[in-house]
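Enquirer: One file is attached below, data_27.cif, containing mmCIF, C-alpha atoms.
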data_target
#
loop_
_atom_site.label_atom_id
_atom_site.label_comp_id
_atom_site.auth_asym_id
_atom_site.auth_seq_id
_atom_site.Cartn_x
_atom_site.Cartn_y
_atom_site.Cartn_z
CA MET A 1 70.63 88.26 104.94
CA PHE A 2 73.20 88.00 102.19
CA GLY A 3 72.69 90.97 99.90
CA LEU A 4 74.04 93.11 97.14
CA LYS A 5 71.93 96.25 97.20
CA PHE A 6 73.81 99.52 96.85
CA GLY A 7 71.08 101.45 98.68
CA GLY A 8 68.03 100.74 100.76
CA LYS A 9 65.10 102.04 102.72
CA SER A 10 65.75 104.42 105.58
CA LYS A 11 66.62 102.60 108.78
CA LYS A 12 68.90 102.91 111.78
CA GLY A 13 71.86 100.65 112.22
CA ILE A 14 75.63 100.42 112.29
CA GLY A 15 78.36 99.19 109.99
CA ILE A 16 80.95 96.75 111.31
CA GLU A 17 84.03 95.70 109.35
CA ILE A 18 85.88 92.60 110.56
CA THR A 19 89.53 92.24 109.51
CA SER A 20 92.32 89.96 110.66
CA GLU A 21 93.74 92.80 112.74
CA LYS A 22 90.77 94.85 113.94
CA VAL A 23 87.04 95.32 114.22
CA ASN A 24 85.94 98.73 112.91
CA LEU A 25 82.57 100.25 113.83
CA VAL A 26 80.71 103.21 112.30
CA GLN A 27 77.31 104.75 113.00
CA LEU A 28 76.04 107.56 110.76
CA ARG A 29 73.05 109.88 110.81
CA ARG A 30 71.70 111.55 107.70
CA LYS A 31 71.82 115.37 107.83
CA GLY A 32 70.38 116.15 104.42
CA GLN A 33 70.04 114.71 100.96
CA SER A 34 73.76 114.06 100.58
CA SER A 35 75.47 114.76 103.90
CA TYR A 36 75.92 112.77 107.09
CA LYS A 37 76.96 113.08 110.71
CA LEU A 38 79.38 110.64 112.32
CA VAL A 39 77.51 109.55 115.45
CA ALA A 40 79.95 106.91 116.67
CA TYR A 41 83.09 105.19 115.49
CA GLY A 42 85.79 103.04 117.00
CA SER A 43 87.98 100.01 116.58
CA ALA A 44 89.27 97.12 118.67
CA GLU A 45 92.41 95.13 117.98
CA LEU A 46 91.98 91.37 117.67
CA PRO A 47 94.33 88.90 119.34
CA GLU A 48 96.09 86.43 117.08
CA GLY A 49 94.05 83.39 116.09
CA ILE A 50 90.57 84.97 116.06
CA VAL A 51 90.44 85.97 112.37
CA GLU A 52 92.95 84.88 109.75
CA GLU A 53 92.82 85.59 106.01
CA GLY A 54 89.17 86.57 106.18
CA ARG A 55 88.08 83.45 108.07
CA ILE A 56 86.70 83.74 111.60
CA LEU A 57 88.34 81.01 113.66
CA ASP A 58 86.85 81.94 117.04
CA PRO A 59 83.40 83.54 116.60
CA VAL A 60 82.68 83.44 120.35
CA ALA A 61 85.76 85.48 121.27
CA LEU A 62 85.10 87.84 118.36
CA GLY A 63 81.49 88.34 119.43
CA GLU A 64 82.56 89.26 122.96
CA ILE A 65 85.09 91.79 121.63
CA ILE A 66 82.42 93.40 119.45
CA ARG A 67 80.01 93.53 122.39
CA SER A 68 82.66 95.26 124.52
CA LEU A 69 83.34 97.78 121.74
CA LEU A 70 79.62 98.58 121.48
CA ALA A 71 79.45 99.14 125.23
CA GLU A 72 82.57 101.31 125.21
CA LYS A 73 81.15 103.52 122.44
CA LYS A 74 77.67 103.55 124.04
CA VAL A 75 76.06 102.23 120.86
CA LYS A 76 72.51 101.05 121.57
CA VAL A 77 71.20 100.17 118.09
CA LYS A 78 71.04 96.50 117.21
CA LYS A 79 70.84 96.37 113.40
CA VAL A 80 74.16 95.82 111.68
CA ALA A 81 75.61 95.58 108.19
CA THR A 82 78.88 93.72 107.75
CA ALA A 83 81.07 92.61 104.86
CA LEU A 84 82.97 89.54 103.74
CA PRO A 85 86.44 89.96 102.25
CA GLY A 86 86.74 89.60 98.49
CA ARG A 87 89.01 86.56 98.79
CA GLU A 88 86.12 84.57 100.29
CA THR A 89 83.60 85.46 97.60
CA VAL A 90 82.92 84.73 93.95
CA SER A 91 81.28 87.45 91.86
CA ARG A 92 80.36 87.33 88.19
CA LEU A 93 78.61 89.56 85.68
CA ILE A 94 76.10 87.49 83.73
CA ARG A 95 74.08 88.56 80.67
CA LEU A 96 70.78 86.76 80.05
CA PRO A 97 67.81 87.40 77.73
CA ALA A 98 65.72 90.22 79.19
CA GLU A 99 62.48 88.46 78.32
CA ILE A 100 62.95 85.79 81.02
CA PRO A 101 60.24 86.17 83.73
CA ASP A 102 61.51 87.14 87.19
CA LEU A 103 60.75 83.80 88.86
CA GLU A 104 62.44 81.85 86.10
CA LEU A 105 65.36 84.29 86.12
CA ARG A 106 65.83 83.81 89.85
CA GLU A 107 65.90 80.03 89.51
CA MET A 108 68.31 80.25 86.59
CA VAL A 109 70.77 82.58 88.34
CA LEU A 110 70.71 81.01 91.81
CA ASN A 111 71.05 77.45 90.58
CA GLN A 112 72.00 76.92 86.95
CA GLU A 113 74.33 79.89 86.47
CA ALA A 114 75.77 79.73 89.98
CA SER A 115 76.75 76.09 89.49
CA LEU A 116 78.78 77.06 86.42
CA TYR A 117 80.98 79.55 88.27
CA LEU A 118 81.39 78.27 91.82
CA PRO A 119 84.64 76.51 92.81
CA PHE A 120 82.71 74.71 95.57
CA PRO A 121 79.42 72.75 95.58
CA ARG A 122 76.28 74.84 95.07
CA GLU A 123 74.65 73.33 98.16
CA ASP A 124 77.53 74.66 100.27
CA ALA A 125 77.12 78.25 99.04
CA ASP A 126 75.08 81.34 99.85
CA VAL A 127 74.20 83.00 96.53
CA ASP A 128 72.50 86.29 95.75
CA TYR A 129 72.21 88.58 92.73
CA GLN A 130 71.14 92.00 91.57
CA LYS A 131 69.76 93.13 88.23
CA LEU A 132 71.79 96.03 86.86
CA GLY A 133 70.12 97.05 83.59
CA THR A 134 69.48 96.01 80.01
CA SER A 135 71.29 96.51 76.72
CA LEU A 136 71.18 95.25 73.13
CA ASP A 137 73.80 92.74 72.05
CA ASP A 138 75.36 92.57 68.58
CA ASP A 139 72.45 90.44 67.32
CA GLY A 140 69.88 92.99 68.48
CA ILE A 141 68.68 90.84 71.38
CA GLU A 142 67.89 92.71 74.58
CA ARG A 143 69.79 91.24 77.51
CA ILE A 144 69.76 91.97 81.21
CA GLU A 145 73.02 92.23 83.10
CA ILE A 146 73.12 90.40 86.43
CA LEU A 147 75.71 90.75 89.18
CA MET A 148 75.89 87.42 91.00
CA VAL A 149 77.87 86.87 94.21
CA ALA A 150 78.43 83.75 96.28
CA THR A 151 80.35 82.71 99.37
CA PRO A 152 80.79 79.43 101.27
CA LYS A 153 78.01 78.96 103.84
CA GLU A 154 80.55 78.20 106.56
CA VAL A 155 82.12 81.64 106.08
CA THR A 156 78.79 83.48 106.15
CA ASP A 157 77.62 81.45 109.16
CA SER A 158 80.73 82.33 111.16
CA TYR A 159 80.12 86.05 110.63
CA MET A 160 76.46 85.64 111.59
CA GLN A 161 77.39 83.69 114.72
CA ALA A 162 79.92 86.27 115.92
CA LEU A 163 77.47 89.15 115.48
CA GLU A 164 74.65 87.25 117.18
CA ILE A 165 76.95 86.61 120.15
CA ALA A 166 77.51 90.38 120.21
CA GLN A 167 73.69 90.63 120.55
CA LEU A 168 73.29 92.29 117.17
CA LYS A 169 70.64 91.66 114.52
CA VAL A 170 72.32 91.05 111.18
CA ASP A 171 70.58 93.23 108.61
CA ILE A 172 72.88 92.62 105.66
CA VAL A 173 76.01 90.72 104.73
CA GLU A 174 77.71 91.92 101.58
CA VAL A 175 81.12 91.96 99.92
CA SER A 176 83.69 94.47 101.16
CA SER A 177 84.27 95.82 97.64
CA PHE A 178 80.57 96.76 97.40
CA ALA A 179 80.90 98.79 100.62
CA LEU A 180 83.97 100.48 99.16
CA ILE A 181 82.14 101.35 95.95
CA ARG A 182 79.36 102.91 98.04
CA ALA A 183 81.90 104.97 100.01
CA MET A 184 83.60 106.05 96.75
CA HIS A 185 80.34 106.84 94.94
CA ASN A 186 81.02 110.57 94.54
CA GLU A 187 84.56 109.94 93.30
CA LEU A 188 83.39 107.27 90.86
CA ALA A 189 80.63 109.53 89.54
CA ARG A 190 83.30 111.65 87.83
CA PHE A 191 83.93 108.74 85.48
CA ASN A 192 80.68 107.52 84.00
CA THR A 193 81.36 106.31 80.49
CA LEU A 194 81.83 102.74 79.32
CA ALA A 195 85.29 103.69 78.04
CA GLU A 196 86.51 104.79 81.48
CA ALA A 197 87.26 102.21 84.15
CA VAL A 198 88.32 103.13 87.69
CA ALA A 199 90.28 100.79 89.94
CA ILE A 200 89.75 100.95 93.70
CA VAL A 201 92.90 99.73 95.47
CA ASP A 202 92.13 98.73 99.06
CA ILE A 203 95.40 98.24 100.97
CA GLU A 204 94.55 96.40 104.16
CA TYR A 205 96.63 94.73 106.89
CA GLU A 206 97.55 91.42 105.26
CA ALA A 207 96.35 91.84 101.68
CA THR A 208 95.39 94.29 98.95
CA GLU A 209 92.25 93.98 96.85
CA ILE A 210 91.85 95.71 93.50
CA THR A 211 88.32 96.20 92.18
CA VAL A 212 87.88 97.56 88.67
CA THR A 213 84.59 99.40 88.15
CA VAL A 214 82.82 100.87 85.14
CA ASP A 215 80.01 103.34 85.80
CA GLY A 216 80.11 102.29 89.46
CA ILE A 217 79.60 98.57 88.69
CA PRO A 218 82.33 96.07 89.68
CA GLN A 219 83.76 94.30 86.65
CA PHE A 220 86.81 92.51 88.03
CA SER A 221 88.46 91.98 91.41
CA ARG A 222 91.57 90.28 92.68
CA THR A 223 93.25 89.92 96.08
CA PHE A 224 96.97 89.38 96.64
CA PRO A 225 98.93 88.94 99.91
CA ILE A 226 100.72 92.28 100.14
CA GLY A 227 99.46 94.73 102.75
CA THR A 228 100.51 97.16 105.45
CA ALA A 229 102.00 94.35 107.57
CA GLN A 230 104.49 93.51 104.82
CA ILE A 231 105.41 97.17 104.32
CA GLN A 232 105.89 97.83 108.02
CA ASN A 233 107.80 94.64 108.82
CA ALA A 234 110.11 95.04 105.83
CA GLN A 235 111.16 98.40 107.28
CA LEU A 236 111.62 96.93 110.75
CA ARG A 237 113.80 94.10 109.46
CA ALA A 238 115.86 96.60 107.48
CA ILE A 239 116.83 98.35 110.73
CA ASN A 240 117.28 95.08 112.65
CA LEU A 241 114.07 95.28 114.68
CA PRO A 242 111.67 92.37 115.14
CA PRO A 243 108.44 92.32 113.10
CA ARG A 244 105.14 93.26 114.72
CA ARG A 245 101.82 91.53 114.36
CA THR A 246 99.73 94.72 114.41
CA THR A 247 100.24 97.83 112.32
CA ASP A 248 101.72 100.87 114.04
CA MET A 249 99.52 103.47 112.34
CA GLU A 250 101.76 106.36 113.34
CA MET A 251 104.75 104.59 111.83
CA LEU A 252 102.72 103.78 108.72
CA SER A 253 101.52 107.37 108.28
CA SER A 254 105.11 108.65 108.64
CA THR A 255 106.29 106.26 105.94
CA VAL A 256 107.11 108.04 102.68
CA VAL A 257 107.80 106.30 99.38
CA PRO A 258 110.95 107.87 97.86
CA VAL A 259 109.38 108.72 94.51
CA GLN A 260 112.36 110.79 93.43
CA SER A 261 114.22 107.48 93.05
CA ILE A 262 111.74 105.82 90.70
CA ASP A 263 113.86 104.70 87.79
CA THR A 264 115.55 101.49 86.77
CA ALA A 265 118.80 102.21 88.55
CA SER A 266 117.26 103.21 91.85
CA LEU A 267 114.83 100.31 91.89
CA ALA A 268 117.79 98.01 91.42
CA SER A 269 119.76 99.68 94.21
CA GLY A 270 116.63 99.98 96.38
CA GLY A 271 116.86 103.58 97.61
CA SER A 272 119.27 105.66 99.67
CA THR A 273 118.74 103.98 103.07
CA PRO A 274 117.94 100.41 104.18
CA GLY A 275 114.45 101.59 105.14
CA ASP A 276 113.92 103.18 101.72
CA ALA A 277 115.15 100.03 100.03
CA ALA A 278 112.70 97.91 102.02
CA ILE A 279 109.77 100.19 101.16
CA MET A 280 110.70 100.24 97.48
CA ARG A 281 110.85 96.46 97.28
CA VAL A 282 107.41 95.92 98.81
CA VAL A 283 105.55 98.75 97.05
CA GLY A 284 107.35 97.77 93.85
CA ASP A 285 105.95 94.24 94.19
CA LEU A 286 102.54 95.75 94.96
CA SER A 287 102.60 97.92 91.83
CA ASP A 288 103.63 94.89 89.75
CA GLU A 289 100.58 92.98 91.00
CA LEU A 290 98.36 95.94 90.22
CA ARG A 291 99.83 96.10 86.71
CA ARG A 292 99.15 92.40 86.14
CA SER A 293 95.56 92.81 87.35
CA ILE A 294 94.91 95.87 85.18
CA ASP A 295 96.51 94.24 82.12
CA PHE A 296 94.33 91.17 82.60
CA TYR A 297 91.18 93.28 82.89
CA THR A 298 91.96 95.33 79.78
CA SER A 299 92.77 92.17 77.80
CA GLN A 300 89.30 90.86 78.67
CA SER A 301 87.54 94.22 78.12
CA PRO A 302 88.99 95.87 75.03
CA GLY A 303 88.12 99.55 74.70
CA SER A 304 87.66 100.10 78.44
CA ASP A 305 90.87 101.55 79.86
CA VAL A 306 91.63 102.10 83.54
CA VAL A 307 91.98 105.87 83.80
CA GLN A 308 92.14 106.35 87.59
CA LEU A 309 93.28 104.57 90.74
CA LEU A 310 91.46 105.37 93.99
CA ILE A 311 93.61 104.27 96.94
CA ALA A 312 91.75 103.26 100.11
CA GLY A 313 92.33 101.37 103.33
CA PRO A 314 95.04 101.85 105.99
CA GLY A 315 97.79 101.80 103.35
CA ALA A 316 96.35 104.91 101.71
CA CYS A 317 98.00 107.06 104.41
CA ILE A 318 101.52 106.16 103.17
CA GLY A 319 103.17 109.34 101.90
CA GLN A 320 103.63 109.73 98.14
CA LEU A 321 102.21 106.27 97.42
CA ASN A 322 99.80 107.78 94.91
CA GLU A 323 102.70 109.47 93.10
CA PHE A 324 104.63 106.18 93.10
CA PHE A 325 101.71 104.32 91.51
CA SER A 326 101.17 107.11 88.98
CA GLN A 327 104.78 106.97 87.85
CA ARG A 328 105.05 103.18 87.82
CA LEU A 329 101.69 102.46 86.20
CA GLY A 330 101.14 105.55 84.09
CA ILE A 331 97.67 106.02 85.62
CA ALA A 332 96.47 108.94 87.74
CA ALA A 333 96.21 107.85 91.39
CA THR A 334 94.51 109.52 94.35
CA ALA A 335 94.44 108.59 98.04
CA VAL A 336 90.81 109.10 99.08
CA ASP A 337 89.75 110.47 102.46
CA PRO A 338 86.39 108.66 102.75
CA LEU A 339 84.90 111.12 105.24
CA MET A 340 85.40 113.98 102.80
CA ALA A 341 84.37 111.88 99.79
CA ILE A 342 81.05 110.93 101.39
CA GLY A 343 80.39 114.28 103.04
CA VAL A 344 80.54 113.23 106.71
CA SER A 345 80.88 115.86 109.43
CA VAL A 346 82.67 115.01 112.67
CA ASP A 347 82.79 116.70 116.08
CA ALA A 348 86.46 115.92 116.80
CA ASP A 349 89.59 115.71 114.69
CA ILE A 350 90.32 112.20 113.42
CA PRO A 351 93.94 111.49 112.43
CA MET A 352 94.38 110.95 108.70
CA GLN A 353 95.65 107.39 109.18
CA ASP A 354 92.44 106.53 111.04
CA ARG A 355 90.26 108.27 108.45
CA MET A 356 91.81 106.27 105.61
CA ALA A 357 91.11 103.01 107.44
CA MET A 358 87.37 103.77 107.70
CA SER A 359 86.39 103.31 104.03
CA VAL A 360 84.72 99.88 104.29
CA SER A 361 83.03 100.54 107.63
CA LEU A 362 81.72 103.88 106.33
CA GLY A 363 80.36 102.17 103.24
CA LEU A 364 78.58 99.70 105.51
CA GLY A 365 77.34 102.52 107.72
CA LEU A 366 75.74 104.14 104.67
CA ARG A 367 73.62 101.01 104.25
CA GLU A 368 72.03 101.69 107.62
CA VAL A 369 70.93 105.34 107.30
#
Since I need it in another form, could you write the structure as structure tokens?
Expert:
Amino acid sequence: MFGLKFGGKSKKGIGIEITSEKVNLVQLRRKGQSSYKLVAYGSAELPEGIVEEGRILDPVALGEIIRSLLAEKKVKVKKVATALPGRETVSRLIRLPAEIPDLELREMVLNQEASLYLPFPREDADVDYQKLGTSLDDDGIERIEILMVATPKEVTDSYMQALEIAQLKVDIVEVSSFALIRAMHNELARFNTLAEAVAIVDIEYEATEITVTVDGIPQFSRTFPIGTAQIQNAQLRAINLPPRRTTDMEMLSSTVVPVQSIDTASLASGGSTPGDAAIMRVVGDLSDELRRSIDFYTSQSPGSDVVQLLIAGPGACIGQLNEFFSQRLGIAATAVDPLMAIGVSVDADIPMQDRMAMSVSLGLGLREV
């Protein structure tokens, strides 16, 4: 059930992303070798207390909400791919001698190597891995690179339980960053050398996850608690309005970062209006966290510089955010429309703020076509 594959055999199913704020659903149909049709999509807001910080607290209530969403969208298929948030997973790149037989390699990765990296007991974890390729090390020994991922069983089980209550058959459970990489495949393909790293910045409701990739393979990831909720509620407080639990997507998409004010003086003063000042403080903190993450990655991987930021998630619809990041970090940044990036045709117009929020669910949907 718990898998890492970036592709698979042809099958029919749906992708469902579960966040603290919403459930997002996508069903795709293949049109050709590299194009797709959006068959169904939708989302349902979650009441407080059902999912918090990636943990499902009430799988029964969540399952019923998913079942209602499926009925509303007239989705009949039962196979589903879903994703766990990065904060609930541990992933590591491991290099082992390529001569190790497959059965011995499996035992070594799932038990010996996993025990070295997990912050919780091995018996309490679901662990899986994928072989990525071989290379020669400095001593001339051929080694195979392994991507290992693990999550606490209680987290995986809660996702499985909720989807089973929704009367779905769980086909795959993977990490949200893997779904994002799949959705960004065409964008990432433009950077395919070991000297060029690309960072995917997924700005979600309550947190942002940065995943640094090289040649489409995740090398480093980190999650920090700054998301669209913090950006929105900082603006509301600045104009003496109470904070909201859910994101007002129209308000978010009308938010514009005042990039013309990006210099030391303006950052200190915070912008020309209270709302601007609030935005600048939060996105300034966000860019600082991104800088720390990128600096850490480059210190661990000399010679592999981050040359591009791909901005995804609901926060990607914030106006001029890519320009803000480019100026603050000195790295080219692009907000990615996942429907265009993948090559998905749609029958009706989908607002840009909704398109940006579909990246993970689209990546999951690609697993099922």
Enquirer: Would you list the contacts of Ala150 of chain A as a PyMOL selection string, taking every protein, DNA or RNA residue within 8 Å and counting only C-alpha atoms, but skipping same-chain residues closer than 3 positions in sequence?
Expert: chain A and resi 89-91+114+118+125-128
Enquirer: Between atom CA of Lys22 of chain A and atom CA of Glu323 of chain A, measure the distance and give it in Å to one decimal.
Expert: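 Distance reported for this atom pair: 28.1 Å.
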Enquirer: List every residue of segment 206-245 of chain A that has an atom at most 10 Å from any atom of segment 285-299 of chain A, and for each one report the closest atom pair and its distance in Å to one decimal, counting all atoms listed in the file, with rows sorted by chain and then by increasing residue number, as a Markdown table.
Expert:
| residue | atom | partner | partner_atom | distance |
| --- | --- | --- | --- | --- |
| A:Ala207 | CA | A:Leu286 | CA | 9.9 |
| A:Thr208 | CA | A:Leu286 | CA | 8.3 |
| A:Glu209 | CA | A:Leu290 | CA | 9.2 |
| A:Ile210 | CA | A:Leu290 | CA | 7.3 |
| A:Thr211 | CA | A:Ser293 | CA | 9.3 |
| A:Val212 | CA | A:Tyr297 | CA | 7.9 |
| A:Gln219 | CA | A:Tyr297 | CA | 8.4 |
| A:Phe220 | CA | A:Tyr297 | CA | 6.8 |
| A:Ser221 | CA | A:Ser293 | CA | 8.2 |
| A:Arg222 | CA | A:Ser293 | CA | 7.1 |
| A:Thr223 | CA | A:Glu289 | CA | 9.4 |
| A:Phe224 | CA | A:Glu289 | CA | 7.6 |
| A:Pro225 | CA | A:Leu286 | CA | 9.2 |
| A:Ile226 | CA | A:Leu286 | CA | 6.5 |
| A:Gly227 | CA | A:Leu286 | CA | 8.4 |
| A:Ile231 | CA | A:Leu286 | CA | 9.9 |
Enquirer: Rank A:Thr213, A:Gln235, A:Ser345, A:Gln308 by their smallest atom-to-atom distance to Phe325 of chain A, using all atoms listed in the file, and report the top residue only.
Expert: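 Among A:Thr213, A:Gln235, A:Ser345, A:Gln308, it is A:Gln308 that comes nearest to Phe325 of chain A.
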Enquirer: Give me the residues within 10 Å of Ser68 of chain A as a PyMOL selection string, counting all atoms listed in the file and dropping any in the same chain fewer than 5 places off.
Expert: chain A and resi 44+62-63+73-74+166
Enquirer: Using all atoms listed in the file, I'd like a table of the residues in segment 108-149 of chain A that come within 10 Å of segment 92-99 of chain A; for each, show the closest atom pair and its distance in Å rounded to one decimal, ordered by chain and ascending number, as a tab-separated table.
Expert:
residue	atom	partner	partner_atom	distance
A:Met108	CA	A:Leu96	CA	9.6
A:Val109	CA	A:Ile94	CA	8.6
A:Glu113	CA	A:Ile94	CA	8.3
A:Ala114	CA	A:Arg92	CA	9.1
A:Tyr117	CA	A:Arg92	CA	7.8
A:Leu118	CA	A:Arg92	CA	9.8
A:Tyr129	CA	A:Arg92	CA	9.4
A:Gln130	CA	A:Leu93	CA	9.8
A:Lys131	CA	A:Ile94	CA	9.6
A:Leu132	CA	A:Leu93	CA	9.5
A:Gly133	CA	A:Ala98	CA	9.2
A:Thr134	CA	A:Ala98	CA	7.0
A:Ser135	CA	A:Ala98	CA	8.8
A:Leu136	CA	A:Ala98	CA	9.6
A:Asp137	CA	A:Arg95	CA	9.6
A:Ile141	CA	A:Pro97	CA	7.3
A:Glu142	CA	A:Ala98	CA	5.7
A:Arg143	CA	A:Pro97	CA	4.3
A:Ile144	CA	A:Ala98	CA	4.8
A:Glu145	CA	A:Arg95	CA	4.5
A:Ile146	CA	A:Ile94	CA	5.0
A:Leu147	CA	A:Leu93	CA	4.7
A:Met148	CA	A:Arg92	CA	5.3
A:Val149	CA	A:Arg92	CA	6.5
Enquirer: Find the spatial neighbours of segment 358-368 of chain A, counting all atoms listed in the file, within a cut-off of 6 Å - ignore same-chain residues fewer than 5 positions away - and output them as number ranges by chain.
Expert: A: 11-17, 26-27, 81, 179-180, 182-183, 338
Enquirer: Take atom CA of Gly303 of chain A and atom CA of Ala333 of chain A and report the distance between them in Å, one decimal.
Expert: 20.3 Å
Enquirer: List, as a PDB file with C-alpha atoms, in the coordinates of the input, every residue that the PyMOL selection byres ((chain A and resi 70) around 10) selects in the file provided.
Expert:
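Generated file (result-v8.pdb):
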ATOM      1  CA  LEU A  25      82.570 100.250 113.830  1.00  0.00           C
ATOM      2  CA  ALA A  40      79.950 106.910 116.670  1.00  0.00           C
ATOM      3  CA  TYR A  41      83.090 105.190 115.490  1.00  0.00           C
ATOM      4  CA  GLY A  42      85.790 103.040 117.000  1.00  0.00           C
ATOM      5  CA  SER A  43      87.980 100.010 116.580  1.00  0.00           C
ATOM      6  CA  GLU A  64      82.560  89.260 122.960  1.00  0.00           C
ATOM      7  CA  ILE A  65      85.090  91.790 121.630  1.00  0.00           C
ATOM      8  CA  ILE A  66      82.420  93.400 119.450  1.00  0.00           C
ATOM      9  CA  ARG A  67      80.010  93.530 122.390  1.00  0.00           C
ATOM     10  CA  SER A  68      82.660  95.260 124.520  1.00  0.00           C
ATOM     11  CA  LEU A  69      83.340  97.780 121.740  1.00  0.00           C
ATOM     12  CA  ALA A  71      79.450  99.140 125.230  1.00  0.00           C
ATOM     13  CA  GLU A  72      82.570 101.310 125.210  1.00  0.00           C
ATOM     14  CA  LYS A  73      81.150 103.520 122.440  1.00  0.00           C
ATOM     15  CA  LYS A  74      77.670 103.550 124.040  1.00  0.00           C
ATOM     16  CA  VAL A  75      76.060 102.230 120.860  1.00  0.00           C
ATOM     17  CA  LYS A  76      72.510 101.050 121.570  1.00  0.00           C
ATOM     18  CA  VAL A  77      71.200 100.170 118.090  1.00  0.00           C
ATOM     19  CA  LYS A  78      71.040  96.500 117.210  1.00  0.00           C
ATOM     20  CA  ALA A 166      77.510  90.380 120.210  1.00  0.00           C
ATOM     21  CA  GLN A 167      73.690  90.630 120.550  1.00  0.00           C
ATOM     22  CA  LEU A 168      73.290  92.290 117.170  1.00  0.00           C
TER      23      LEU A 168
END
Enquirer: Which neighbours of Val346 of chain A fall inside 9 Å, counting only C-alpha atoms, when residues of the same chain fewer than 2 positions from it are skipped, and could you give them as a VMD selection string?
Expert: chain A and resid 37 to 39 339 344 348 to 350
Enquirer: Write out as number ranges by chain the residues lying within 10 Å of Val51 of chain A, counting all atoms listed in the file and excluding same-chain residues fewer than 3 positions away.
Expert: A: 18-22, 46-48, 54-59, 62
Enquirer: Give me, please, the distance in Å between atom CA of Val282 of chain A and atom CA of Pro314 of chain A, quoted to one decimal.
Expert: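 Answer for the atom CA of Val282 of chain A to atom CA of Pro314 of chain A separation: 15.5 Å.
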Enquirer: My list of candidates is A:Arg122, A:Arg190, A:Lys153, A:Arg30. Which is closest to Leu110 of chain A when distances are computed with only C-alpha atoms?
Expert: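 Closest to Leu110 of chain A, using only C-alpha atoms: A:Arg122.
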Enquirer: Using 3 Å of padding on each side, determine the axis-aligned box around all atoms of segment 181-187 of chain A present in the file and give its centre and edge lengths in Å to one decimal, as lines of an AutoDock Vina configuration file.
Expert:
center_x = 82.0
center_y = 106.0
center_z = 96.7
size_x = 11.2
size_y = 15.2
size_z = 12.7
Enquirer: Residues within 10 Å of (92.3, 114.3, 106.4), file coordinates, counting only C-alpha atoms: what are they? Give the list as a ChimeraX atom specification.
Expert: /A:317,336-340,349-356
Enquirer: Going by the chain IDs and residue numbers used in this file, which residues fall under the PyMOL selection byres ((chain A and resi 318) around 9)? Write them as a PDB file with C-alpha atoms, keeping the file's coordinate frame.
Expert:
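What follows is the written file result_16.pdb:
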ATOM      1  CA  LEU A 252     102.720 103.780 108.720  1.00  0.00           C
ATOM      2  CA  SER A 253     101.520 107.370 108.280  1.00  0.00           C
ATOM      3  CA  SER A 254     105.110 108.650 108.640  1.00  0.00           C
ATOM      4  CA  THR A 255     106.290 106.260 105.940  1.00  0.00           C
ATOM      5  CA  VAL A 256     107.110 108.040 102.680  1.00  0.00           C
ATOM      6  CA  VAL A 257     107.800 106.300  99.380  1.00  0.00           C
ATOM      7  CA  PRO A 314      95.040 101.850 105.990  1.00  0.00           C
ATOM      8  CA  GLY A 315      97.790 101.800 103.350  1.00  0.00           C
ATOM      9  CA  ALA A 316      96.350 104.910 101.710  1.00  0.00           C
ATOM     10  CA  CYS A 317      98.000 107.060 104.410  1.00  0.00           C
ATOM     11  CA  GLY A 319     103.170 109.340 101.900  1.00  0.00           C
ATOM     12  CA  GLN A 320     103.630 109.730  98.140  1.00  0.00           C
ATOM     13  CA  LEU A 321     102.210 106.270  97.420  1.00  0.00           C
ATOM     14  CA  ASN A 322      99.800 107.780  94.910  1.00  0.00           C
ATOM     15  CA  GLN A 353      95.650 107.390 109.180  1.00  0.00           C
TER      16      GLN A 353
END
Enquirer: Using all atoms listed in the file, which of A:Ala229, A:Ala195, A:Ala83, A:Ile203 sits nearest Val170 of chain A?
Expert: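 Ranked by minimum distance to Val170 of chain A, first place goes to A:Ala83.
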Enquirer: For the structure provided, state which residues fall under the PyMOL selection byres ((chain A and resi 187) around 9), and present them as a PyMOL selection string.
Expert: chain A and resi 183-186+188-191+310+336+341-342
Enquirer: Step by step: locate segment 119-123 of chain A in the block above, keep N, CA, C and O atoms, then write the file as an mmCIF file, in the first residue's frame.
Expert:
data_model
loop_
_atom_site.group_PDB
_atom_site.id
_atom_site.type_symbol
_atom_site.label_atom_id
_atom_site.label_comp_id
_atom_site.auth_asym_id
_atom_site.auth_seq_id
_atom_site.Cartn_x
_atom_site.Cartn_y
_atom_site.Cartn_z
ATOM 1 N N PRO A 119 13.286 8.301 13.756
ATOM 2 C CA PRO A 119 13.208 8.894 15.096
ATOM 3 C C PRO A 119 12.194 8.182 15.985
ATOM 4 O O PRO A 119 11.884 8.663 17.061
ATOM 5 N N PHE A 120 11.637 7.068 15.491
ATOM 6 C CA PHE A 120 10.671 6.277 16.252
ATOM 7 C C PHE A 120 11.008 4.807 16.029
ATOM 8 O O PHE A 120 11.751 4.467 15.090
ATOM 9 N N PRO A 121 10.528 3.906 16.867
ATOM 10 C CA PRO A 121 10.898 2.488 16.754
ATOM 11 C C PRO A 121 10.539 1.909 15.387
ATOM 12 O O PRO A 121 9.490 2.220 14.827
ATOM 13 N N ARG A 122 11.427 1.048 14.875
ATOM 14 C CA ARG A 122 11.203 0.444 13.560
ATOM 15 C C ARG A 122 9.891 -0.326 13.510
ATOM 16 O O ARG A 122 9.187 -0.304 12.478
ATOM 17 N N GLU A 123 9.538 -1.008 14.602
ATOM 18 C CA GLU A 123 8.312 -1.796 14.593
ATOM 19 C C GLU A 123 7.052 -0.936 14.525
ATOM 20 O O GLU A 123 5.959 -1.439 14.225
#
